[in-house]
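Novice: Structure incoming, see below.
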Amino acid sequence: MQELKELYISTFNKQPKTVEQLKGAGSNRQYYRFCDADGNSVIGAVGTSVEENEAFIYLSRHFTEKKLPVPEVYAVSNDKLRYLQQDLGSRSLFDAIADGREKGGNYSEEEIALLENTIRQLPRIQVLGAEGLDWNVCYPQPSFDKQNVFFDLNYFKYCFLKATGIDFNEVKLEADFQAFAEDLTQRPPLTPPQGEDGTIRMATPPLWGGREGPGSSTFMYRDFQARNIMLDGKGNPLFIDFQGGRRGPLCYDLASFLWQASARYPQSLREHLIDVYFEELQSLCQGQSQSREAFDKQLSSMVLFRLLQVLGAYGFRGYFERKQHFIDSIPPALENLKELLAKHEFPYAYMISVLNKLIEKLQPASETVETIETSETPPLWGGREGAAPLTVRIFSFSYKKGIPQDPSGNGGGYVFDCRSTHNPGRYEPYKKITGLDPRVIKFLEDDGEIVTFLQSVYKLADFHIERYLQRGFTSLMFSFGCTGGQHRSVYSAQHLADRIRKKYPQVKVELCHREQERPHALIFAAGLGTRLKPLTDTMPKALVRVGEKTLLERTIDTLKAVGIDHMTVNVHHFSDQIKAFLADYLSPCGGVGGGQGWGGSIRISDETDKLLDTGGGLLKAREQFNGVAPILIHNVDIISNANLERLMAESKSNDAVATLLVSRRETSRYLIFDRDNNLVGWKNIKTGEVKGSEPAGSQMFAFSGIHIVKQSIFPLLEEYAQSPPLTPPQGEDETIRTANTPLVGEMEAVFGITDFYLWACQRAKIQCLVQDDLQLTDVGKLDTLAQLNS
C-alpha cells in the first residue's frame, strides 16, 4: 500500500486526502480509491502477477487509442505490480438493473435501454479493439482453443453428469466432445459480399475469430458480465476487468452475457438484444459479411457450450459443496437447455441424447420451470408490475466463529440458539459427520428435543413469511447456532429450508451451512524419514524438533493461524508416538499444552499396517472429513512463509478440483502448467524425462507440498485407485520401492499424489497458484535440520 501511495504522490505531486480500500472481487488484486482535497479521485491497483498487470495496462492503452470506453492508465510502478487508473465511479450495470433481476426478469424500459447501450458496445470492443492488437501480450494465453473447451466439458461430465447417476457411454460421449470442441474453435464460413451490380466483391480478411491466421482475429472479452460494466452519469457503459481477454469467437461473450442464470432474461429480450448486437456488428464489418443464419448457428453452439459450463459449476457448488443457491440455479439452467435443444438441431447425436435423458430425469414434464412470458405480458420484456420475490436466507453457524452477517443490510433477522438441545457431537460415532447425515438425523429425532424446539421456530417463521409476502418485503434471515456449527444447527437450518420451500413455493430460499465451507486440513506425517536417519530410527519424522517445537506442532500452529479447526494427521512410522503426542497436545493437563482452550479437533488416519503414499493416504483419509469442506493438504516437513489465506481464497474462487501452491525456486523436478495455469505435465530437467505434455508457451514451477482439494476429487481418486497406471513409487532416498498393485475396488491403494494429478488433469482442472516470494525449507536432511536449529 505504501508503494502505491508513493506512486500517487510522484504522479500527481500531492498527498491524497483520503484513501479507501475497495471491496475485492474474484481476483487477487486489491483496489484503492485515492481522493484529493478538490474531490478528484483515481483508482490504485496492486496486483500479484506482472503478466496479468501488463495485459491490463497494454489492453487499456490500446483500447483508449481506439476510443473505446475503458479506464485510462495514468502511471505504472517500476516493478509493474502497481498502477493508477481512471476512476469510473461506483455504479455498475449489475446494480442498475437489480430491480428487474429481483422481479424475476421483468425489466423496465429504462433498464432495457441500459442493456441495449451495453450490447451495442460489445462488437466495438471485439472488432475495433482487435485491430493492431498484439495477441502475445494477452494473459494467460493468446487464444481460445480446444484445450479450453475440453476443460469445461470434462468439468460438466465429472461434476454434474456423473453426479446425477445418468448412465452413458463415455467413449461415445468423448467422441462428440471432440467434434464439439473442433466446431467451437473453428472460424465460421463467410458469405462473399456482393456489389450493387450483383457481382462478387473481394472481401477484406475475415473478422469472425477462431483459428490462428492473418485477419481471423476478434477480441474475446471472456468475462463480459454486468458486474464488469460501470455506468457514467448519463448511463453510458464503461468497461473494466478485460485483462483475461484473448483472441476468440465473437459469440462467446454474447452467450455468456445473455444466458447468465441470475439475470433471468426472457427469451424475447434476448432475441431483441441479439438483433441489436448483430446490427451493430454488421455496420462495423462493411466489406465482410456473415449470414444471420450462420451467425445464429454459431451462437446456438456457443450457448450450448456455455450452459454446459454453468451446469458443471452448479453441480460442483451444489452437489459437492452442498450450497443451496447453486442447487436452486439448476432448474432454470435445465429449462434454458431444454428450450435450446427444442429450438436447434446439433450434429452431436449421442451427446444430445444424453442431455435429453438428463433433462427428462431431473426435470419431469410436470415440474418444468414456469416461463416469465405469458399472453398477458408485452412481447419484449414482460413489464409485470409488483413486488420483487421474497428471499429467505438461512444459516447454520458456530457461536465461536460469530453470528453471520446479513448481506441484505436489513439487520440479520432471527438468531436461534440450538445449544439447549442434546448434542450428538459429544459422542464418538457422530463426531466426524454432520446434521445432514441420516445417523445424526435419527439421533436427534429419536431424542426429540430438537423437534420440539423447531415447532416454535416454524410458527414464528410462518407468521413472518406470510406478513412479509403481504407487505411486499424482499429479504428475511434465520440463523441457527450451536457449539461447532456441525450437527444441531445444520439439522435445524436444513429442515427450516425444506419446510419453507415446500409450503411457500413462491419464496426463494438460500441456505448456507457456514462452518462446513471452512477448509479442513490433512497433514501428511506417515513417511519413513529415511534421510533423517539415525534420528528416525527411534522416532517419526513428525516429532523431530526444530528449535523448541516438533515439526508436527509447527504445522498445526500454521494451520490454526489461518482459522482451520478440523485437522487429520496420517500416521505409519512410529505411529503410537504421534498418537501419544497428539493426545498430550489436546489434553487440558498435558505437557505439550498447545491445544489447551483451542476447541478444534485433530483426528488420526491410521496407516500403521500399510503405508499408502500421498495419493492413497488422501483417499483413505476421506472418511475423516465431512463430505463438504475443501481439504488443505500440508506436508509435515515443510516450513515456509506460504500465504495459506491466499491459497484458500484462490481455491474458493476457481473451478479446479485441486489448487497447488507453487513457486519459481530451483529444483530438479518441475510441474508443467499451460498459460491458464492448468496442470499439463511433469519434467525432470536432469534426465529430460517428461510426463504429460509440454505445450508451447507453458511454464514450469516447483511444487511446495501444500495444496487444496475439493470433495469432487474423490470420485477421480476412486477411479484411479481401482485401475491406476501406477509406476513404482520412489522412496525418500530416491531409490525405487516396490508397490503393491491394488486390487480392483480396493480403497487402500498405494500411489503418489503427483502421478494421480498427472492422470486427473486430463479429466478435470488442476490449477496452480504462484507465490513469487515463497521461502520454503524441506526439513528432509540432517544438514538442513542443523541449519534451521542454528
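Ordering of the C-alpha cells sets the chain letters (A, B, ...); residue numbers start at 1 within each chain; ligands are numbered from 1 in the order shown.
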Per DSSP on the backbone, what are the strand (DSSP E or B) residues of segment 750-783 of chain A, as a PyMOL selection string?
Specialist: chain A and resi 766-770+776-778
Novice: With C-alpha atoms retained, could you export that selection as an mmCIF file, in the first residue's frame?
Specialist:
```cif
data_model
loop_
_atom_site.group_PDB
_atom_site.id
_atom_site.type_symbol
_atom_site.label_atom_id
_atom_site.label_comp_id
_atom_site.auth_asym_id
_atom_site.auth_seq_id
_atom_site.Cartn_x
_atom_site.Cartn_y
_atom_site.Cartn_z
ATOM 1 C CA ILE A 766 -5.948 -28.853 -11.633
ATOM 2 C CA GLN A 767 -4.533 -25.365 -11.293
ATOM 3 C CA CYS A 768 -1.659 -23.647 -9.550
ATOM 4 C CA LEU A 769 -1.214 -20.510 -7.505
ATOM 5 C CA VAL A 770 2.228 -18.953 -7.942
ATOM 6 C CA LEU A 776 10.375 -22.803 1.801
ATOM 7 C CA THR A 777 12.544 -25.311 3.615
ATOM 8 C CA ASP A 778 12.020 -29.046 3.251
#
```
Novice: Interatomic distance between atom CA of Thr64 of chain A and atom CA of Asp223 of chain A?
Specialist: 19.0 Å
Novice: Please provide the set of residues having any atom within 7 Å of Ser479 of chain A, restricted to only C-alpha atoms, with same-chain residues fewer than 5 positions apart removed, written as a list in words.
Specialist: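 That gives Ile394, Phe395, Ser396, Tyr414, Val415 and Phe416 of chain A.
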